[in-house]
Protein chains: 2
Amino acid sequence: MPLPEKQLIARIRRTLMDNRRTTTVLKGIGDDCAVLRLPASHEALVTTDFSLEGIHFRREWHPAEVVGHRCLARGLSDIAAMGGEPIAAFLSLALPAGLDQRWIDAFIKGFNRLAKKHGVQLAGGDTAQSPAGVLADIMVLGSVPRANAILRSGARVGDDIYVTGKLGIGIAALDRLFAGEDARTVLRDKSARKHFYPEPRVTIGKYLREHRLASAMIDISDGLSTDLAHLCEESAVSAWVAEEAIPVAPGATLPQALHGGDEYELIFTAPASKHKKIPNTIAGAPITWIGTVTKSEPVSPARPKPSARSAAPRLSANNHRVWLVNNERGRSELKPQGWEHFRSGGSIAD
Amino acid sequence: MPLPEKQLIARIRRTLMDNRRTTTVLKGIGDDCAVLRLPASHEALVTTDFSLEGIHFRREWHPAEVVGHRCLARGLSDIAAMGGEPIAAFLSLALPAGLDQRWIDAFIKGFNRLAKKHGVQLAGGDTAQSPAGVLADIMVLGSVPRANAILRSGARVGDDIYVTGKLGIGIAALDRLFAGEDARTVLRDKSARKHFYPEPRVTIGKYLREHRLASAMIDISDGLSTDLAHLCEESAVSAWVAEEAIPVAPGATLPQALHGGDEYELIFTAPASKHKKIPNTIAGAPITWIGTVTKSEPVSPARPKPSARSAAPRLSANNHRVWLVNNERGRSELKPQGWEHFRSGGSIAD
């Protein structure tokens, strides 16, 4: 039964917002701003991510509980990728008129369960009537000890490249949905569960930061090929990836593992000297070596035309490349082909 | 000419995102999270506000520059209401396919001009294709010296009540637009300018905090009657407001001044002992005394029915009331009638 707008909003405030005063969240909802205190000598981490119906999810494929879970997971995964710890979340949620209250209740259930698991307090946000579909924007505030955030830009030539978990499940499940398979059947399939309830790797990110193992890190939101290219570009390096080493998830193919987005896994680099200190698993997830950071080759400038002889050689962004190495076929360039499924556009900051 | 999606996103990143490294914004765009350092001994302030086409603005009424300005103004006004200083903004922006690049450029112009004025760096956000219309969500991070945030809950019996600026313009302009007046005519009318380019009262909020003048504060986003009621409820007090004292803006009526939302003015309370220290104007805006904080009267329990004699008297939230006092007609209850114009629903945290 659809609730009148006002009651719906009141219901969300009551069931979703957590107004406890803690040592960190000094003032949650009920004021113009939330007031928060960061741990001493910590820096703040901020990430925002849309979850828009028809773009990031479909209501006919993704149950409300899944939408709530994935909405928060997107933000937590970005905190994980910095080696940070999440503190509080802020949810802007616009709902279409006439939305069933059971949908909201299930969204809240999915959101709250993940928030509780990670000790994240929902400390504010905004609500509105939506002009079209369910529109959510999640902001997660986290923290990290001063100067300890693991950036994308820290990879150095000679570093090893690792990935958490197994790859390709997200897109494999989506491909089944796009192919017309019944969404409930896919949802019930254990091997596809990770698509619906991804687990942001916060514990792994924190472990790597605390043990000072990672030189650079990024989460896989647009696909290994795209996100490793981002890391290389920010670090001004290239990378060799061993095709045989890619941890392809059961039920997925190599191309899905290489290009599938929405993985919520982490790619990180570490100096070769740390290799023995990298555990085989962290928090239950396998950690797999997949390649090596290499020096970027300068792009050979195009043969100068007589008229352009004085022009300085232009350094293309493409000189930071990712190469896929196959024992038989040799190396080929792994071009960013991150599969952007629902997602058109892209992140300003992922 | 509409731009392909990818180019549009790239354009936004290039022109809107400010990737300077400052002492506060250590890492802006280009990583999984922004990394920020708060001033020493400061607490963080966080606010988020939707600006949704058809709900908070109409593209046929509000030029893109206005939409960009108002989007950021909403967040800055919340920071002002805490006595805080804005540090960085994060913008999630979803755009419909085929949107003209000139619209984006004008949005950016309006946004950037206000950001520059307040020294706010756009440090991140998200972009996506929109399923319907322009969808923006602004998050502003600010800071305030530890334990110095001016909350809604600090008003005490006997405090004076003040308001900044003159009220009623926002709704007066909207009423003209709803009545069918040409939007360009209204936009050119100087008296209506404040509706299109509201000035968040950041300087005033900071002044009141630095001089320790305000005991409680809130910004007028839903109308004086509604927002003063919020302040009373959070402070567990009532209020008397002198009808004759309300600073009605030229071109607006008393009801518009009492109930019009989207004002970006501040209501604050101050102990009577500070009355002489409250300036007549701060940063060019008049500061007007409008009333007094009074004790909340206990709600008289309904005459007990014989069958319900043992029921405890129920304290309604309504015992925190706002009274409008007229020299001739005496007092009448000023019920919250905040005019929510486009806005259906309401804020979780305004």
# chains A, B, ... in the order shown; residues from 1 in each chain; ligands from 1
>>> calpha_fit_rmsd(fixed="chain A", moving="chain B")
0.3 Å
>>> select_by_dssp(residues="range 31-253 of chain B", states="strand (DSSP E)", output="PyMOL selection string")
chain B and resi 34-36+42-52+85-95+121-129+135-145+160-164+216-219+238-242
>>> residues_around(residues="Ser225 in chain B", least_positions_apart="4", cutoff="9 Å", atoms="only C-alpha atoms", output="MDAnalysis selection string")
chainID B and resid 229:230 258:260 322 334:338
>>> write_last_selection(atoms="C-alpha atoms", output="CSV table (one decimal), in the first residue's frame")
chain,number,residue,atom,x,y,z
B,229,ALA,CA,9.0,25.5,15.1
B,230,HIS,CA,11.9,23.2,14.3
B,258,LEU,CA,5.9,34.1,7.5
B,259,HIS,CA,5.6,30.9,5.5
B,260,GLY,CA,7.8,31.3,2.4
B,322,VAL,CA,5.1,29.5,18.2
B,334,LEU,CA,1.6,30.5,14.2
B,335,LYS,CA,1.2,27.0,12.8
B,336,PRO,CA,4.0,25.7,10.6
B,337,GLN,CA,2.8,26.3,7.1
B,338,GLY,CA,6.2,26.3,5.4
>>> residues_around(residues="Gly54 in chain A", least_positions_apart="6", cutoff="10 Å", atoms="only C-alpha atoms", output="number ranges by chain")
A: 60, 132-135, 342-343; B: 129-131
>>> select_by_dssp(residues="range 166-291 of chain B", states="helix (DSSP H, G or I)", output="PyMOL selection string")
chain B and resi 169-178+183-188+190-196+202-210+224-235+243-245+254-259+272-277
>>> closest_residue(among="A:Thr185, A:Thr127, A:Ser77, A:Ser238", to="chain B", atoms="only C-alpha atoms")
A:Thr127
>>> atom_distance(atom1="CA of Met217 in chain A", atom2="CA of Val67 in chain A")
26.1 Å
>>> residues_around(residues="range 271-287 of chain A", least_positions_apart="6", cutoff="7 Å", atoms="only C-alpha atoms", output="list in words")
Gly158, Asp159, Asp160, Tyr162, Val163, Thr164, Gly165, Thr203, Ile204 and Leu213 of chain A
>>> write_last_selection(atoms="N, CA, C and O atoms", output="PDB file, in the first residue's frame")
ATOM      1  N   GLY A 158      58.736  -1.821 -10.922  1.00  0.00           N
ATOM      2  CA  GLY A 158      59.236  -2.991 -10.214  1.00  0.00           C
ATOM      3  C   GLY A 158      58.267  -3.527  -9.175  1.00  0.00           C
ATOM      4  O   GLY A 158      58.419  -4.653  -8.698  1.00  0.00           O
ATOM      5  N   ASP A 159      57.264  -2.731  -8.806  1.00  0.00           N
ATOM      6  CA  ASP A 159      56.271  -3.202  -7.838  1.00  0.00           C
ATOM      7  C   ASP A 159      55.492  -4.387  -8.413  1.00  0.00           C
ATOM      8  O   ASP A 159      55.284  -4.479  -9.630  1.00  0.00           O
ATOM      9  N   ASP A 160      55.048  -5.256  -7.522  1.00  0.00           N
ATOM     10  CA  ASP A 160      54.128  -6.320  -7.923  1.00  0.00           C
ATOM     11  C   ASP A 160      52.702  -5.779  -7.938  1.00  0.00           C
ATOM     12  O   ASP A 160      52.378  -4.820  -7.231  1.00  0.00           O
ATOM     13  N   TYR A 162      48.686  -6.920  -7.401  1.00  0.00           N
ATOM     14  CA  TYR A 162      47.821  -7.950  -6.812  1.00  0.00           C
ATOM     15  C   TYR A 162      46.360  -7.574  -6.990  1.00  0.00           C
ATOM     16  O   TYR A 162      46.009  -6.402  -7.156  1.00  0.00           O
ATOM     17  N   VAL A 163      45.508  -8.576  -6.886  1.00  0.00           N
ATOM     18  CA  VAL A 163      44.073  -8.328  -6.897  1.00  0.00           C
ATOM     19  C   VAL A 163      43.434  -9.181  -5.798  1.00  0.00           C
ATOM     20  O   VAL A 163      43.930 -10.257  -5.473  1.00  0.00           O
ATOM     21  N   THR A 164      42.361  -8.651  -5.212  1.00  0.00           N
ATOM     22  CA  THR A 164      41.646  -9.412  -4.182  1.00  0.00           C
ATOM     23  C   THR A 164      40.518 -10.201  -4.848  1.00  0.00           C
ATOM     24  O   THR A 164      39.993  -9.801  -5.892  1.00  0.00           O
ATOM     25  N   GLY A 165      40.136 -11.309  -4.217  1.00  0.00           N
ATOM     26  CA  GLY A 165      38.966 -12.062  -4.670  1.00  0.00           C
ATOM     27  C   GLY A 165      39.111 -12.678  -6.042  1.00  0.00           C
ATOM     28  O   GLY A 165      40.222 -12.843  -6.555  1.00  0.00           O
ATOM     29  N   THR A 203      38.129  -4.393   5.295  1.00  0.00           N
ATOM     30  CA  THR A 203      39.097  -5.050   6.183  1.00  0.00           C
ATOM     31  C   THR A 203      40.437  -5.258   5.480  1.00  0.00           C
ATOM     32  O   THR A 203      41.499  -5.074   6.077  1.00  0.00           O
ATOM     33  N   ILE A 204      40.361  -5.616   4.206  1.00  0.00           N
ATOM     34  CA  ILE A 204      41.604  -5.835   3.454  1.00  0.00           C
ATOM     35  C   ILE A 204      42.362  -4.518   3.269  1.00  0.00           C
ATOM     36  O   ILE A 204      43.576  -4.438   3.478  1.00  0.00           O
ATOM     37  N   LEU A 213      51.841  -2.359   3.374  1.00  0.00           N
ATOM     38  CA  LEU A 213      52.197  -3.275   2.296  1.00  0.00           C
ATOM     39  C   LEU A 213      51.958  -2.688   0.910  1.00  0.00           C
ATOM     40  O   LEU A 213      52.696  -2.993  -0.026  1.00  0.00           O
TER      41      LEU A 213
END
>>> atom_distance(atom1="CA of Ala192 in chain B", atom2="CA of Asp219 in chain B")
19.5 Å
>>> residues_around(residues="Lys295 in chain A", least_positions_apart="2", cutoff="9 Å", atoms="only C-alpha atoms", output="VMD selection string")
chain A and resid 156 to 158 236 to 239 293 297 320
>>> write_last_selection(atoms="N, CA, C and O atoms", output="mmCIF file, in the first residue's frame")
data_model
loop_
_atom_site.group_PDB
_atom_site.id
_atom_site.type_symbol
_atom_site.label_atom_id
_atom_site.label_comp_id
_atom_site.auth_asym_id
_atom_site.auth_seq_id
_atom_site.Cartn_x
_atom_site.Cartn_y
_atom_site.Cartn_z
ATOM 1 N N ARG A 156 55.334 2.158 -8.132
ATOM 2 C CA ARG A 156 56.689 2.409 -8.632
ATOM 3 C C ARG A 156 57.136 1.252 -9.523
ATOM 4 O O ARG A 156 56.715 0.108 -9.328
ATOM 5 N N VAL A 157 58.013 1.562 -10.472
ATOM 6 C CA VAL A 157 58.524 0.543 -11.390
ATOM 7 C C VAL A 157 59.135 -0.606 -10.586
ATOM 8 O O VAL A 157 59.917 -0.365 -9.663
ATOM 9 N N GLY A 158 58.736 -1.821 -10.922
ATOM 10 C CA GLY A 158 59.236 -2.991 -10.214
ATOM 11 C C GLY A 158 58.267 -3.527 -9.175
ATOM 12 O O GLY A 158 58.419 -4.653 -8.698
ATOM 13 N N ALA A 236 51.947 7.304 -13.355
ATOM 14 C CA ALA A 236 52.857 7.522 -14.486
ATOM 15 C C ALA A 236 53.756 6.315 -14.729
ATOM 16 O O ALA A 236 54.979 6.429 -14.863
ATOM 17 N N VAL A 237 53.120 5.149 -14.758
ATOM 18 C CA VAL A 237 53.847 3.901 -15.010
ATOM 19 C C VAL A 237 53.041 3.061 -16.010
ATOM 20 O O VAL A 237 51.910 3.402 -16.351
ATOM 21 N N SER A 238 53.623 1.961 -16.458
ATOM 22 C CA SER A 238 52.893 0.977 -17.241
ATOM 23 C C SER A 238 52.819 -0.321 -16.435
ATOM 24 O O SER A 238 53.343 -0.376 -15.310
ATOM 25 N N ALA A 239 52.153 -1.319 -16.991
ATOM 26 C CA ALA A 239 52.013 -2.571 -16.237
ATOM 27 C C ALA A 239 51.984 -3.756 -17.181
ATOM 28 O O ALA A 239 51.489 -3.652 -18.306
ATOM 29 N N VAL A 293 54.642 -3.781 -12.255
ATOM 30 C CA VAL A 293 54.663 -2.397 -12.720
ATOM 31 C C VAL A 293 55.937 -2.168 -13.525
ATOM 32 O O VAL A 293 57.028 -2.546 -13.086
ATOM 33 N N GLU A 297 56.976 3.628 -21.663
ATOM 34 C CA GLU A 297 57.828 3.974 -22.790
ATOM 35 C C GLU A 297 57.383 5.317 -23.335
ATOM 36 O O GLU A 297 56.191 5.559 -23.501
ATOM 37 N N HIS A 320 51.178 5.456 -20.841
ATOM 38 C CA HIS A 320 51.036 4.579 -19.674
ATOM 39 C C HIS A 320 50.121 3.438 -20.099
ATOM 40 O O HIS A 320 48.915 3.604 -20.170
#
>>> atom_distance(atom1="CA of Gln121 in chain B", atom2="CA of His69 in chain B")
14.3 Å
>>> residues_around(residues="Ile171 in chain A", least_positions_apart="4", cutoff="8 Å", atoms="only C-alpha atoms", output="ChimeraX atom specification")
/A:175,195,256,260-262,339
>>> write_last_selection(atoms="all heavy atoms", output="mmCIF file, in the first residue's frame")
data_model
loop_
_atom_site.group_PDB
_atom_site.id
_atom_site.type_symbol
_atom_site.label_atom_id
_atom_site.label_comp_id
_atom_site.auth_asym_id
_atom_site.auth_seq_id
_atom_site.Cartn_x
_atom_site.Cartn_y
_atom_site.Cartn_z
ATOM 1 N N ASP A 175 25.003 -10.271 -17.403
ATOM 2 C CA ASP A 175 24.791 -10.808 -18.742
ATOM 3 C C ASP A 175 23.598 -11.769 -18.754
ATOM 4 O O ASP A 175 22.814 -11.782 -19.703
ATOM 5 C CB ASP A 175 26.063 -11.523 -19.237
ATOM 6 C CG ASP A 175 27.110 -10.524 -19.734
ATOM 7 O OD1 ASP A 175 26.758 -9.342 -19.925
ATOM 8 O OD2 ASP A 175 28.276 -10.933 -19.921
ATOM 9 N N HIS A 195 27.065 -10.448 -7.084
ATOM 10 C CA HIS A 195 26.540 -9.320 -7.851
ATOM 11 C C HIS A 195 25.494 -8.557 -7.049
ATOM 12 O O HIS A 195 25.431 -7.331 -7.091
ATOM 13 C CB HIS A 195 25.912 -9.801 -9.163
ATOM 14 C CG HIS A 195 25.112 -8.726 -9.856
ATOM 15 N ND1 HIS A 195 25.700 -7.642 -10.454
ATOM 16 C CD2 HIS A 195 23.764 -8.552 -9.988
ATOM 17 C CE1 HIS A 195 24.749 -6.846 -10.950
ATOM 18 N NE2 HIS A 195 23.575 -7.377 -10.682
ATOM 19 N N GLN A 256 35.317 -11.463 -19.135
ATOM 20 C CA GLN A 256 34.480 -10.895 -18.079
ATOM 21 C C GLN A 256 35.330 -10.475 -16.886
ATOM 22 O O GLN A 256 35.116 -9.429 -16.275
ATOM 23 C CB GLN A 256 33.398 -11.904 -17.649
ATOM 24 C CG GLN A 256 32.282 -12.055 -18.689
ATOM 25 C CD GLN A 256 31.284 -13.146 -18.354
ATOM 26 O OE1 GLN A 256 31.630 -14.151 -17.714
ATOM 27 N NE2 GLN A 256 30.041 -12.978 -18.798
ATOM 28 N N GLY A 260 34.940 -6.695 -16.633
ATOM 29 C CA GLY A 260 33.685 -6.523 -15.903
ATOM 30 C C GLY A 260 33.815 -5.505 -14.782
ATOM 31 O O GLY A 260 34.760 -5.539 -14.003
ATOM 32 N N GLY A 261 32.861 -4.616 -14.690
ATOM 33 C CA GLY A 261 32.880 -3.616 -13.627
ATOM 34 C C GLY A 261 32.102 -4.073 -12.417
ATOM 35 O O GLY A 261 31.720 -5.239 -12.318
ATOM 36 N N ASP A 262 31.900 -3.141 -11.478
ATOM 37 C CA ASP A 262 31.061 -3.419 -10.312
ATOM 38 C C ASP A 262 31.579 -4.604 -9.513
ATOM 39 O O ASP A 262 30.802 -5.391 -8.984
ATOM 40 C CB ASP A 262 29.640 -3.749 -10.797
ATOM 41 C CG ASP A 262 28.664 -2.673 -10.338
ATOM 42 O OD1 ASP A 262 29.097 -1.718 -9.674
ATOM 43 O OD2 ASP A 262 27.474 -2.810 -10.637
ATOM 44 N N TRP A 339 33.442 -2.406 -18.640
ATOM 45 C CA TRP A 339 32.092 -2.588 -19.105
ATOM 46 C C TRP A 339 31.201 -1.722 -18.261
ATOM 47 O O TRP A 339 31.156 -1.873 -17.043
ATOM 48 C CB TRP A 339 31.710 -4.057 -18.989
ATOM 49 C CG TRP A 339 30.506 -4.357 -19.775
ATOM 50 C CD1 TRP A 339 30.417 -4.418 -21.123
ATOM 51 C CD2 TRP A 339 29.205 -4.614 -19.271
ATOM 52 N NE1 TRP A 339 29.135 -4.694 -21.502
ATOM 53 C CE2 TRP A 339 28.372 -4.821 -20.385
ATOM 54 C CE3 TRP A 339 28.653 -4.698 -18.000
ATOM 55 C CZ2 TRP A 339 27.024 -5.100 -20.263
ATOM 56 C CZ3 TRP A 339 27.317 -4.976 -17.876
ATOM 57 C CH2 TRP A 339 26.508 -5.175 -19.008
#
>>> decode(residues="range 73-91 of chain A", atoms="N, CA, C and O atoms", output="PDB file, in the first residue's frame")
ATOM      1  N   ALA A  73      27.339  -0.065  -0.410  1.00  0.00           N
ATOM      2  CA  ALA A  73      28.568  -0.786  -0.758  1.00  0.00           C
ATOM      3  C   ALA A  73      29.450   0.032  -1.698  1.00  0.00           C
ATOM      4  O   ALA A  73      30.677   0.010  -1.587  1.00  0.00           O
ATOM      5  N   ARG A  74      28.835   0.783  -2.594  1.00  0.00           N
ATOM      6  CA  ARG A  74      29.607   1.594  -3.544  1.00  0.00           C
ATOM      7  C   ARG A  74      30.500   2.583  -2.800  1.00  0.00           C
ATOM      8  O   ARG A  74      31.662   2.780  -3.158  1.00  0.00           O
ATOM      9  N   GLY A  75      29.929   3.220  -1.779  1.00  0.00           N
ATOM     10  CA  GLY A  75      30.707   4.191  -1.012  1.00  0.00           C
ATOM     11  C   GLY A  75      31.774   3.527  -0.152  1.00  0.00           C
ATOM     12  O   GLY A  75      32.919   3.993  -0.086  1.00  0.00           O
ATOM     13  N   LEU A  76      31.407   2.418   0.492  1.00  0.00           N
ATOM     14  CA  LEU A  76      32.362   1.733   1.372  1.00  0.00           C
ATOM     15  C   LEU A  76      33.564   1.219   0.585  1.00  0.00           C
ATOM     16  O   LEU A  76      34.699   1.214   1.081  1.00  0.00           O
ATOM     17  N   SER A  77      33.321   0.785  -0.646  1.00  0.00           N
ATOM     18  CA  SER A  77      34.402   0.247  -1.465  1.00  0.00           C
ATOM     19  C   SER A  77      35.446   1.335  -1.770  1.00  0.00           C
ATOM     20  O   SER A  77      36.651   1.057  -1.821  1.00  0.00           O
ATOM     21  N   ASP A  78      34.991   2.560  -1.940  1.00  0.00           N
ATOM     22  CA  ASP A  78      35.931   3.660  -2.180  1.00  0.00           C
ATOM     23  C   ASP A  78      36.766   3.968  -0.934  1.00  0.00           C
ATOM     24  O   ASP A  78      37.947   4.303  -1.042  1.00  0.00           O
ATOM     25  N   ILE A  79      36.139   3.860   0.232  1.00  0.00           N
ATOM     26  CA  ILE A  79      36.887   4.057   1.480  1.00  0.00           C
ATOM     27  C   ILE A  79      37.931   2.944   1.624  1.00  0.00           C
ATOM     28  O   ILE A  79      39.088   3.189   1.988  1.00  0.00           O
ATOM     29  N   ALA A  80      37.504   1.707   1.300  1.00  0.00           N
ATOM     30  CA  ALA A  80      38.417   0.560   1.369  1.00  0.00           C
ATOM     31  C   ALA A  80      39.640   0.790   0.495  1.00  0.00           C
ATOM     32  O   ALA A  80      40.767   0.470   0.885  1.00  0.00           O
ATOM     33  N   ALA A  81      39.414   1.360  -0.684  1.00  0.00           N
ATOM     34  CA  ALA A  81      40.494   1.534  -1.667  1.00  0.00           C
ATOM     35  C   ALA A  81      41.532   2.561  -1.228  1.00  0.00           C
ATOM     36  O   ALA A  81      42.587   2.681  -1.849  1.00  0.00           O
ATOM     37  N   MET A  82      41.234   3.327  -0.160  1.00  0.00           N
ATOM     38  CA  MET A  82      42.204   4.281   0.383  1.00  0.00           C
ATOM     39  C   MET A  82      42.875   3.695   1.625  1.00  0.00           C
ATOM     40  O   MET A  82      43.717   4.342   2.238  1.00  0.00           O
ATOM     41  N   GLY A  83      42.455   2.496   2.025  1.00  0.00           N
ATOM     42  CA  GLY A  83      42.936   1.935   3.287  1.00  0.00           C
ATOM     43  C   GLY A  83      42.271   2.590   4.486  1.00  0.00           C
ATOM     44  O   GLY A  83      42.784   2.536   5.600  1.00  0.00           O
ATOM     45  N   GLY A  84      41.128   3.225   4.258  1.00  0.00           N
ATOM     46  CA  GLY A  84      40.470   3.990   5.320  1.00  0.00           C
ATOM     47  C   GLY A  84      39.446   3.205   6.107  1.00  0.00           C
ATOM     48  O   GLY A  84      39.173   2.043   5.818  1.00  0.00           O
ATOM     49  N   GLU A  85      38.921   3.880   7.118  1.00  0.00           N
ATOM     50  CA  GLU A  85      37.840   3.300   7.898  1.00  0.00           C
ATOM     51  C   GLU A  85      36.617   4.194   7.784  1.00  0.00           C
ATOM     52  O   GLU A  85      36.706   5.397   8.004  1.00  0.00           O
ATOM     53  N   PRO A  86      35.466   3.602   7.435  1.00  0.00           N
ATOM     54  CA  PRO A  86      34.263   4.419   7.293  1.00  0.00           C
ATOM     55  C   PRO A  86      33.767   4.903   8.653  1.00  0.00           C
ATOM     56  O   PRO A  86      33.883   4.194   9.648  1.00  0.00           O
ATOM     57  N   ILE A  87      33.243   6.117   8.693  1.00  0.00           N
ATOM     58  CA  ILE A  87      32.710   6.684   9.929  1.00  0.00           C
ATOM     59  C   ILE A  87      31.200   6.871   9.843  1.00  0.00           C
ATOM     60  O   ILE A  87      30.457   6.399  10.692  1.00  0.00           O
ATOM     61  N   ALA A  88      30.776   7.578   8.826  1.00  0.00           N
ATOM     62  CA  ALA A  88      29.358   7.914   8.733  1.00  0.00           C
ATOM     63  C   ALA A  88      28.937   7.980   7.281  1.00  0.00           C
ATOM     64  O   ALA A  88      29.739   8.247   6.394  1.00  0.00           O
ATOM     65  N   ALA A  89      27.647   7.727   7.058  1.00  0.00           N
ATOM     66  CA  ALA A  89      27.095   7.807   5.707  1.00  0.00           C
ATOM     67  C   ALA A  89      25.986   8.848   5.688  1.00  0.00           C
ATOM     68  O   ALA A  89      25.330   9.100   6.703  1.00  0.00           O
ATOM     69  N   PHE A  90      25.805   9.460   4.526  1.00  0.00           N
ATOM     70  CA  PHE A  90      24.752  10.446   4.319  1.00  0.00           C
ATOM     71  C   PHE A  90      24.016  10.028   3.053  1.00  0.00           C
ATOM     72  O   PHE A  90      24.641   9.821   2.017  1.00  0.00           O
ATOM     73  N   LEU A  91      22.715   9.879   3.169  1.00  0.00           N
ATOM     74  CA  LEU A  91      21.937   9.339   2.051  1.00  0.00           C
ATOM     75  C   LEU A  91      20.939  10.359   1.541  1.00  0.00           C
ATOM     76  O   LEU A  91      20.079  10.818   2.280  1.00  0.00           O
TER      77      LEU A  91
END
